[in-house]
file work.tsv (TSV, C-alpha atoms)
chain	number	residue	atom	x	y	z
A	1	MET	CA	67.12	-12.17	-32.70
A	2	ASN	CA	69.69	-14.82	-31.89
A	3	GLY	CA	72.76	-15.41	-34.00
A	4	PRO	CA	74.76	-18.59	-34.29
A	5	THR	CA	76.92	-19.69	-31.40
A	6	GLY	CA	79.94	-17.46	-30.88
A	7	THR	CA	83.49	-18.53	-30.16
A	8	THR	CA	85.88	-17.36	-27.51
A	9	ASP	CA	87.52	-14.54	-29.46
A	10	GLY	CA	84.60	-12.22	-28.88
A	11	SER	CA	83.08	-12.52	-32.32
A	12	ALA	CA	82.44	-15.28	-34.79
A	13	GLY	CA	79.78	-17.13	-36.66
A	14	SER	CA	77.54	-15.79	-39.36
A	15	PRO	CA	77.81	-13.32	-40.93
A	16	LEU	CA	81.52	-14.10	-40.86
A	17	LYS	CA	83.87	-11.14	-40.82
A	18	ALA	CA	80.96	-8.73	-40.77
A	19	SER	CA	81.44	-5.29	-39.35
A	20	ALA	CA	78.94	-2.61	-38.51
A	21	GLU	CA	78.86	0.98	-37.40
A	22	LEU	CA	75.76	2.38	-35.74
A	23	ARG	CA	75.41	6.14	-35.28
A	24	PHE	CA	72.41	7.67	-33.69
A	25	THR	CA	71.32	10.68	-31.70
A	26	ILE	CA	68.68	10.19	-29.03
A	27	PRO	CA	66.78	12.53	-26.75
A	28	SER	CA	68.01	12.39	-23.19
A	29	THR	CA	65.13	10.31	-21.83
A	30	PRO	CA	65.04	6.93	-20.04
A	31	ALA	CA	62.96	5.35	-22.81
A	32	ALA	CA	65.42	6.41	-25.50
A	33	LEU	CA	68.34	5.12	-23.43
A	34	ALA	CA	66.71	1.72	-23.16
A	35	ALA	CA	65.97	1.64	-26.89
A	36	ALA	CA	69.58	2.50	-27.73
A	37	VAL	CA	70.88	-0.33	-25.57
A	38	ARG	CA	68.43	-2.77	-27.18
A	39	MET	CA	69.53	-1.69	-30.65
A	40	VAL	CA	73.21	-2.30	-29.93
A	41	ARG	CA	72.48	-5.60	-28.22
A	42	THR	CA	70.39	-6.82	-31.15
A	43	SER	CA	73.18	-5.91	-33.58
A	44	MET	CA	75.74	-7.75	-31.48
A	45	GLU	CA	73.50	-10.80	-31.24
A	46	TRP	CA	73.05	-10.77	-35.01
A	47	MET	CA	76.82	-10.68	-35.39
A	48	ALA	CA	77.12	-13.63	-33.02
A	49	PHE	CA	79.27	-12.01	-30.37
A	50	GLU	CA	79.79	-14.29	-27.43
A	51	ARG	CA	77.69	-13.89	-24.28
A	52	ASP	CA	80.49	-12.43	-22.21
A	53	TRP	CA	81.08	-9.61	-24.66
A	54	LEU	CA	77.36	-9.02	-25.03
A	55	PHE	CA	77.03	-8.60	-21.29
A	56	ARG	CA	80.08	-6.35	-21.01
A	57	ALA	CA	79.07	-4.10	-23.89
A	58	GLU	CA	75.43	-3.91	-22.83
A	59	LEU	CA	76.27	-3.08	-19.22
A	60	CYS	CA	78.92	-0.49	-20.05
A	61	LEU	CA	76.87	1.22	-22.74
A	62	GLN	CA	73.96	1.42	-20.32
A	63	GLU	CA	76.17	2.85	-17.56
A	64	ALA	CA	77.66	5.45	-19.91
A	65	LEU	CA	74.18	6.44	-21.11
A	66	LEU	CA	72.93	6.72	-17.53
A	67	ASN	CA	75.86	8.99	-16.67
A	68	ALA	CA	75.19	11.06	-19.79
A	69	HIS	CA	71.50	11.42	-18.96
A	70	TYR	CA	71.61	11.98	-15.21
A	71	HIS	CA	74.97	13.72	-14.70
A	72	GLY	CA	75.84	15.19	-18.11
A	73	ASN	CA	72.47	16.32	-19.38
A	74	GLU	CA	70.99	16.64	-15.88
A	75	GLU	CA	67.83	14.76	-16.93
A	76	ASP	CA	66.94	17.48	-19.43
A	77	GLY	CA	64.86	15.75	-22.11
A	78	GLU	CA	65.51	18.63	-24.51
A	79	ARG	CA	69.19	17.71	-24.63
A	80	GLU	CA	70.59	14.93	-26.76
A	81	ILE	CA	73.02	12.05	-26.49
A	82	HIS	CA	75.15	10.95	-29.44
A	83	VAL	CA	76.07	7.30	-29.68
A	84	VAL	CA	78.53	5.60	-32.03
A	85	CYS	CA	78.95	1.86	-31.90
A	86	SER	CA	81.59	0.14	-34.03
A	87	LEU	CA	81.42	-3.64	-34.17
A	88	ALA	CA	84.01	-5.86	-35.81
A	89	ALA	CA	85.63	-9.21	-35.30
A	90	GLY	CA	87.49	-9.03	-32.02
A	91	LYS	CA	86.72	-5.39	-31.36
A	92	VAL	CA	83.83	-3.34	-30.01
A	93	GLU	CA	84.05	0.42	-29.63
A	94	LEU	CA	81.29	2.37	-27.89
A	95	GLU	CA	81.22	6.15	-27.84
A	96	VAL	CA	78.74	8.23	-25.86
A	97	GLU	CA	78.62	12.03	-25.87
A	98	ASP	CA	76.26	14.24	-23.91
A	99	GLN	CA	75.68	17.98	-23.87
A	100	GLY	CA	76.83	18.59	-20.32
A	101	LYS	CA	79.96	20.05	-18.79
A	102	GLY	CA	81.74	16.72	-18.63
A	103	TYR	CA	83.63	14.87	-15.95
A	104	ASN	CA	86.96	13.14	-15.63
A	105	VAL	CA	86.46	9.41	-15.55
A	106	PHE	CA	89.85	8.95	-13.92
A	107	GLU	CA	89.06	11.23	-10.98
A	108	CYS	CA	86.19	9.07	-9.81
A	109	PRO	CA	86.93	6.73	-6.91
A	110	SER	CA	87.56	3.10	-7.75
A	111	LEU	CA	84.60	1.97	-5.67
A	112	PRO	CA	82.35	4.14	-3.50
A	113	PRO	CA	82.25	3.57	0.27
A	114	LYS	CA	80.21	0.61	1.44
A	115	GLY	CA	76.53	1.46	1.46
A	116	ASP	CA	76.85	4.52	-0.79
A	117	HIS	CA	73.94	4.39	-3.25
A	118	HIS	CA	75.76	5.90	-6.23
A	119	GLY	CA	79.09	5.85	-8.03
A	120	ARG	CA	79.45	2.28	-9.26
A	121	GLY	CA	78.77	2.90	-12.94
A	122	LEU	CA	82.23	4.16	-13.87
A	123	TYR	CA	83.82	1.49	-11.72
A	124	LEU	CA	81.95	-1.18	-13.67
A	125	ILE	CA	82.91	0.43	-17.00
A	126	ARG	CA	86.58	0.49	-16.08
A	127	HIS	CA	86.47	-3.11	-14.94
A	128	TYR	CA	84.61	-4.58	-17.89
A	129	MET	CA	86.10	-2.65	-20.81
A	130	SER	CA	89.63	-3.08	-22.18
A	131	SER	CA	90.16	0.67	-22.36
A	132	VAL	CA	88.26	3.83	-21.43
A	133	VAL	CA	89.14	7.31	-22.66
A	134	THR	CA	87.39	10.63	-22.24
A	135	HIS	CA	87.73	13.45	-24.75
A	136	GLY	CA	87.36	17.21	-24.75
A	137	ASN	CA	85.84	18.36	-21.53
A	138	GLY	CA	84.98	14.81	-20.62
A	139	ALA	CA	81.47	14.83	-22.02
A	140	ARG	CA	82.52	12.19	-24.56
A	141	ILE	CA	83.58	8.76	-23.40
A	142	VAL	CA	85.04	6.10	-25.68
A	143	MET	CA	85.07	2.53	-24.42
A	144	CYS	CA	86.76	-0.37	-26.17
A	145	LEU	CA	86.66	-4.11	-25.90
A	146	ASN	CA	89.59	-5.74	-27.64
A	147	LYS	CA	90.49	-9.34	-28.23
A	148	GLU	CA	93.32	-10.03	-25.78
B	1	MET	CA	61.51	-6.76	-14.95
B	2	ASP	CA	58.76	-9.03	-13.68
B	3	ILE	CA	58.26	-8.89	-9.92
B	4	THR	CA	56.33	-11.50	-7.95
B	5	VAL	CA	55.75	-11.60	-4.20
B	6	ASN	CA	55.38	-14.76	-2.14
B	7	GLU	CA	54.56	-14.11	1.52
B	8	GLY	CA	55.51	-16.97	3.80
B	9	SER	CA	54.88	-17.28	7.52
B	10	LYS	CA	58.17	-15.55	8.44
B	11	ASN	CA	59.99	-14.55	5.29
B	12	THR	CA	58.78	-12.84	2.17
B	13	THR	CA	60.28	-13.76	-1.16
B	14	ILE	CA	60.37	-11.28	-4.01
B	15	GLY	CA	60.95	-12.98	-7.34
B	16	LEU	CA	62.88	-10.87	-9.86
B	17	LYS	CA	62.84	-11.93	-13.48
B	18	GLY	CA	64.56	-10.33	-16.47
B	19	ARG	CA	66.50	-7.08	-16.31
B	20	PHE	CA	66.93	-5.25	-13.02
B	21	ASP	CA	67.90	-1.74	-14.09
B	22	PHE	CA	66.88	1.91	-13.98
B	23	GLN	CA	63.55	1.13	-15.61
B	24	ALA	CA	62.55	-1.11	-12.70
B	25	HIS	CA	63.15	1.57	-10.08
B	26	GLN	CA	59.55	2.60	-9.37
B	27	GLU	CA	58.06	-0.87	-9.32
B	28	PHE	CA	60.76	-2.31	-7.10
B	29	ARG	CA	60.57	0.58	-4.66
B	30	ARG	CA	56.78	0.39	-4.50
B	31	THR	CA	56.95	-3.35	-3.84
B	32	VAL	CA	59.45	-3.02	-1.00
B	33	GLU	CA	57.66	-0.05	0.56
B	34	GLY	CA	54.34	-1.89	0.42
B	35	LEU	CA	55.79	-4.93	2.17
B	36	LEU	CA	57.42	-2.78	4.83
B	37	ARG	CA	54.11	-1.04	5.48
B	38	ALA	CA	52.57	-4.49	5.93
B	39	GLY	CA	55.23	-5.32	8.51
B	40	ARG	CA	57.30	-7.56	6.25
B	41	SER	CA	60.91	-6.51	6.77
B	42	SER	CA	62.73	-9.81	6.17
B	43	LEU	CA	62.95	-10.07	2.43
B	44	THR	CA	64.54	-12.69	0.22
B	45	LEU	CA	65.19	-11.54	-3.32
B	46	ASP	CA	65.05	-14.53	-5.64
B	47	MET	CA	67.57	-13.65	-8.36
B	48	SER	CA	67.62	-17.02	-10.07
B	49	GLU	CA	65.83	-15.64	-13.14
B	50	LEU	CA	67.59	-12.30	-13.26
B	51	SER	CA	69.67	-11.90	-16.41
B	52	PHE	CA	71.02	-8.36	-16.03
B	53	ILE	CA	71.74	-5.81	-13.32
B	54	ASP	CA	73.11	-2.27	-13.53
B	55	SER	CA	74.45	0.27	-11.05
B	56	SER	CA	71.08	1.90	-10.48
B	57	ALA	CA	69.70	-1.49	-9.40
B	58	LEU	CA	72.62	-1.87	-7.01
B	59	GLY	CA	71.59	1.45	-5.49
B	60	MET	CA	68.02	0.18	-5.13
B	61	LEU	CA	69.27	-2.92	-3.33
B	62	LEU	CA	71.15	-0.75	-0.85
B	63	LEU	CA	68.10	1.40	-0.22
B	64	ALA	CA	65.99	-1.71	0.39
B	65	ARG	CA	68.61	-3.07	2.76
B	66	GLU	CA	68.65	0.17	4.76
B	67	SER	CA	64.88	0.32	5.00
B	68	CYS	CA	64.55	-3.31	6.06
B	69	GLU	CA	67.30	-3.04	8.65
B	70	LYS	CA	65.69	0.07	10.12
B	71	ALA	CA	62.52	-1.99	10.50
B	72	GLY	CA	64.44	-4.79	12.22
B	73	GLY	CA	64.72	-7.08	9.21
B	74	ALA	CA	67.21	-7.87	6.48
B	75	VAL	CA	67.54	-8.50	2.76
B	76	VAL	CA	68.92	-11.78	1.44
B	77	LEU	CA	70.09	-12.13	-2.16
B	78	ASP	CA	69.17	-15.60	-3.31
B	79	ARG	CA	70.81	-17.55	-6.15
B	80	PRO	CA	72.18	-14.77	-8.37
B	81	GLN	CA	73.23	-16.26	-11.70
B	82	GLU	CA	76.55	-16.00	-13.51
B	83	TYR	CA	76.73	-12.41	-14.77
B	84	VAL	CA	74.61	-10.86	-12.04
B	85	ASP	CA	76.67	-12.67	-9.42
B	86	LYS	CA	79.90	-11.33	-10.96
B	87	VAL	CA	78.63	-7.76	-10.68
B	88	LEU	CA	77.57	-8.32	-7.06
B	89	ARG	CA	80.97	-9.74	-6.14
B	90	LEU	CA	82.81	-7.03	-8.05
B	91	CYS	CA	80.98	-4.35	-6.07
B	92	HIS	CA	81.51	-6.24	-2.79
B	93	PHE	CA	77.81	-6.78	-2.25
B	94	ASP	CA	78.59	-10.18	-0.82
B	95	LEU	CA	80.09	-8.26	2.13
B	96	LEU	CA	76.99	-6.10	2.55
B	97	PHE	CA	74.29	-8.73	2.07
B	98	GLN	CA	73.77	-12.34	2.91
B	99	VAL	CA	74.01	-14.07	-0.47
B	100	THR	CA	72.78	-17.64	-0.82
B	101	ARG	CA	74.13	-19.51	-3.84

call {"tool": "encode", "arguments": {"input": "work.tsv", "output": "structure tokens"}}
result
Amino acid sequence: MNGPTGTTDGSAGSPLKASAELRFTIPSTPAALAAAVRMVRTSMEWMAFERDWLFRAELCLQEALLNAHYHGNEEDGEREIHVVCSLAAGKVELEVEDQGKGYNVFECPSLPPKGDHHGRGLYLIRHYMSSVVTHGNGARIVMCLNKE
Amino acid sequence: MDITVNEGSKNTTIGLKGRFDFQAHQEFRRTVEGLLRAGRSSLTLDMSELSFIDSSALGMLLLARESCEKAGGAVVLDRPQEYVDKVLRLCHFDLLFQVTR
């Protein structure tokens, strides 16, 4: 579903001044991850967020969910991932929590060595989001996009 | 992601369309492995219709590059578009691959 053309502040168009909060719990499976990303993207499109914010939010949510599934929940489909997505004019907040032991987002290297196959997800998140915070034991990550 | 293969006399072009992410892992790997088995180790990845790429796809690109180089070939990334190109540059893939724009 495509919304009206967005403006440069990260949100605009119809429905004007709309806000939304999506909360869902998904099984830790690749198919559920993909569905969660689609749901958030569709909501952002409906709210007419600009393309740049759509890309940033989609990529970072997907990276956080991949980390939650592969590293947090260790690919255990019996475990769950909790997602909260708050959308408002000029602000997007994405929260992902898994049932693993957690990790410290700030201890990860800025960019893995050349040729290393893994480790770019957190780097991309830190680059594309305005702020990134982990809570508790690190199993919950909160990522924000703010209007500059 | 839709994958198409066009085998030329020297180079092989793999067309990638849509989202290149963790869900494309198996199909992409099978495609590259099949071409390598057929002796095609110089691969051009046509990214002109790729709208999205994530870190797992970046890992797949690196694996393909390693396999092709071991077989005496190389991987060229062809015409990545705006957002995909930004991710490639951000992760310094333009230093690891030949990128044609």

call {"tool": "closest_residue", "arguments": {"input": "work.tsv", "among": "A:Leu145, A:His69, A:Val84, A:Gly77", "to": "A:Arg126", "atoms": "all atoms listed in the file"}}
result
A:Leu145

call {"tool": "closest_residue", "arguments": {"input": "work.tsv", "among": "A:Arg56, A:His127, A:Lys101, A:Arg79", "to": "B:Phe52", "atoms": "only C-alpha atoms"}}
result
A:Arg56

call {"tool": "closest_atom_pairs", "arguments": {"input": "work.tsv", "of": "chain B", "to": "chain A", "cutoff": "12 Å", "atoms": "all atoms listed in the file", "output": "CSV"}}
result
residue,atom,partner,partner_atom,distance
B:Arg19,CA,A:Leu59,CA,11.0
B:Phe20,CA,A:Leu59,CA,11.4
B:Asp21,CA,A:Gln62,CA,9.2
B:Phe22,CA,A:Pro30,CA,8.1
B:Gln23,CA,A:Pro30,CA,7.4
B:Ala24,CA,A:Pro30,CA,11.2
B:His25,CA,A:Pro30,CA,11.5
B:Ser51,CA,A:Phe55,CA,9.4
B:Phe52,CA,A:Phe55,CA,8.0
B:Ile53,CA,A:Leu59,CA,7.9
B:Asp54,CA,A:Leu59,CA,6.6
B:Ser55,CA,A:Gly121,CA,5.4
B:Ser56,CA,A:His118,CA,7.5
B:Ala57,CA,A:His117,CA,9.5
B:Leu58,CA,A:His117,CA,7.4
B:Gly59,CA,A:His117,CA,4.4
B:Met60,CA,A:His117,CA,7.5
B:Leu61,CA,A:His117,CA,8.7
B:Leu62,CA,A:Gly115,CA,6.3
B:Leu63,CA,A:His117,CA,7.2
B:Ala64,CA,A:His117,CA,10.7
B:Arg65,CA,A:Gly115,CA,9.2
B:Glu66,CA,A:Gly115,CA,8.6
B:Glu82,CA,A:Asp52,CA,10.2
B:Tyr83,CA,A:Phe55,CA,7.6
B:Val84,CA,A:Phe55,CA,9.8
B:Lys86,CA,A:Leu124,CA,10.7
B:Val87,CA,A:Leu124,CA,8.0
B:Leu88,CA,A:Leu124,CA,10.7
B:Arg89,CA,A:Leu124,CA,11.4
B:Leu90,CA,A:Leu124,CA,8.2
B:Cys91,CA,A:Leu111,CA,7.3
B:His92,CA,A:Lys114,CA,8.2
B:Phe93,CA,A:Lys114,CA,8.6
B:Asp94,CA,A:Lys114,CA,11.1
B:Leu95,CA,A:Lys114,CA,8.9
B:Leu96,CA,A:Lys114,CA,7.5
B:Phe97,CA,A:Gly115,CA,10.5

call {"tool": "write_last_selection", "arguments": {"input": "work.tsv", "atoms": "C-alpha atoms", "output": "PDB file, in the frame of the given file"}}
result
ATOM      1  CA  ARG B  19      66.500  -7.080 -16.310  1.00  0.00           C
ATOM      2  CA  PHE B  20      66.930  -5.250 -13.020  1.00  0.00           C
ATOM      3  CA  ASP B  21      67.900  -1.740 -14.090  1.00  0.00           C
ATOM      4  CA  PHE B  22      66.880   1.910 -13.980  1.00  0.00           C
ATOM      5  CA  GLN B  23      63.550   1.130 -15.610  1.00  0.00           C
ATOM      6  CA  ALA B  24      62.550  -1.110 -12.700  1.00  0.00           C
ATOM      7  CA  HIS B  25      63.150   1.570 -10.080  1.00  0.00           C
ATOM      8  CA  SER B  51      69.670 -11.900 -16.410  1.00  0.00           C
ATOM      9  CA  PHE B  52      71.020  -8.360 -16.030  1.00  0.00           C
ATOM     10  CA  ILE B  53      71.740  -5.810 -13.320  1.00  0.00           C
ATOM     11  CA  ASP B  54      73.110  -2.270 -13.530  1.00  0.00           C
ATOM     12  CA  SER B  55      74.450   0.270 -11.050  1.00  0.00           C
ATOM     13  CA  SER B  56      71.080   1.900 -10.480  1.00  0.00           C
ATOM     14  CA  ALA B  57      69.700  -1.490  -9.400  1.00  0.00           C
ATOM     15  CA  LEU B  58      72.620  -1.870  -7.010  1.00  0.00           C
ATOM     16  CA  GLY B  59      71.590   1.450  -5.490  1.00  0.00           C
ATOM     17  CA  MET B  60      68.020   0.180  -5.130  1.00  0.00           C
ATOM     18  CA  LEU B  61      69.270  -2.920  -3.330  1.00  0.00           C
ATOM     19  CA  LEU B  62      71.150  -0.750  -0.850  1.00  0.00           C
ATOM     20  CA  LEU B  63      68.100   1.400  -0.220  1.00  0.00           C
ATOM     21  CA  ALA B  64      65.990  -1.710   0.390  1.00  0.00           C
ATOM     22  CA  ARG B  65      68.610  -3.070   2.760  1.00  0.00           C
ATOM     23  CA  GLU B  66      68.650   0.170   4.760  1.00  0.00           C
ATOM     24  CA  GLU B  82      76.550 -16.000 -13.510  1.00  0.00           C
ATOM     25  CA  TYR B  83      76.730 -12.410 -14.770  1.00  0.00           C
ATOM     26  CA  VAL B  84      74.610 -10.860 -12.040  1.00  0.00           C
ATOM     27  CA  LYS B  86      79.900 -11.330 -10.960  1.00  0.00           C
ATOM     28  CA  VAL B  87      78.630  -7.760 -10.680  1.00  0.00           C
ATOM     29  CA  LEU B  88      77.570  -8.320  -7.060  1.00  0.00           C
ATOM     30  CA  ARG B  89      80.970  -9.740  -6.140  1.00  0.00           C
ATOM     31  CA  LEU B  90      82.810  -7.030  -8.050  1.00  0.00           C
ATOM     32  CA  CYS B  91      80.980  -4.350  -6.070  1.00  0.00           C
ATOM     33  CA  HIS B  92      81.510  -6.240  -2.790  1.00  0.00           C
ATOM     34  CA  PHE B  93      77.810  -6.780  -2.250  1.00  0.00           C
ATOM     35  CA  ASP B  94      78.590 -10.180  -0.820  1.00  0.00           C
ATOM     36  CA  LEU B  95      80.090  -8.260   2.130  1.00  0.00           C
ATOM     37  CA  LEU B  96      76.990  -6.100   2.550  1.00  0.00           C
ATOM     38  CA  PHE B  97      74.290  -8.730   2.070  1.00  0.00           C
TER      39      PHE B  97
END

call {"tool": "residues_around", "arguments": {"input": "work.tsv", "residues": "stretch 29-44 of chain B", "least_positions_apart": "3", "cutoff": "6 Å", "atoms": "only C-alpha atoms", "output": "list in words"}}
result
Asn11, Thr12, Thr13, Gln26, Cys68, Gly73, Ala74, Val75 and Val76 of chain B

call {"tool": "atom_distance", "arguments": {"input": "work.tsv", "atom1": "atom CA of A:Ser130", "atom2": "atom CA of A:Cys144"}}
result
5.6 Å

call {"tool": "axis_aligned_box", "arguments": {"input": "work.tsv", "around": "stretch 69-84 of chain B", "padding_each_side": "3 Å", "output": "lines of an AutoDock Vina configuration file"}}
result
center_x = 69.6
center_y = -8.7
center_z = -1.3
size_x = 20.2
size_y = 23.6
size_z = 33.0

call {"tool": "atom_distance", "arguments": {"input": "work.tsv", "atom1": "atom CA of B:Glu7", "atom2": "atom CA of B:Met47"}}
result
16.3 Å

call {"tool": "closest_residue", "arguments": {"input": "work.tsv", "among": "A:Met129, A:Ala48, A:Ile141, A:Met39", "to": "A:His82", "atoms": "all atoms listed in the file"}}
result
A:Ile141

call {"tool": "atom_distance", "arguments": {"input": "work.tsv", "atom1": "atom CA of A:Glu97", "atom2": "atom CA of A:Ala57"}}
result
16.3 Å

call {"tool": "closest_residue", "arguments": {"input": "work.tsv", "among": "A:Asp76, A:Val133, A:Trp46, A:Thr29", "to": "A:Glu95", "atoms": "all atoms listed in the file"}}
result
A:Val133

call {"tool": "residues_around", "arguments": {"input": "work.tsv", "residues": "A:Gly100", "least_positions_apart": "3", "cutoff": "8 Å", "atoms": "all atoms listed in the file", "output": "list in words"}}
result
Ala68, His71, Gly72, Asn73, Glu74 and Ala139 of chain A
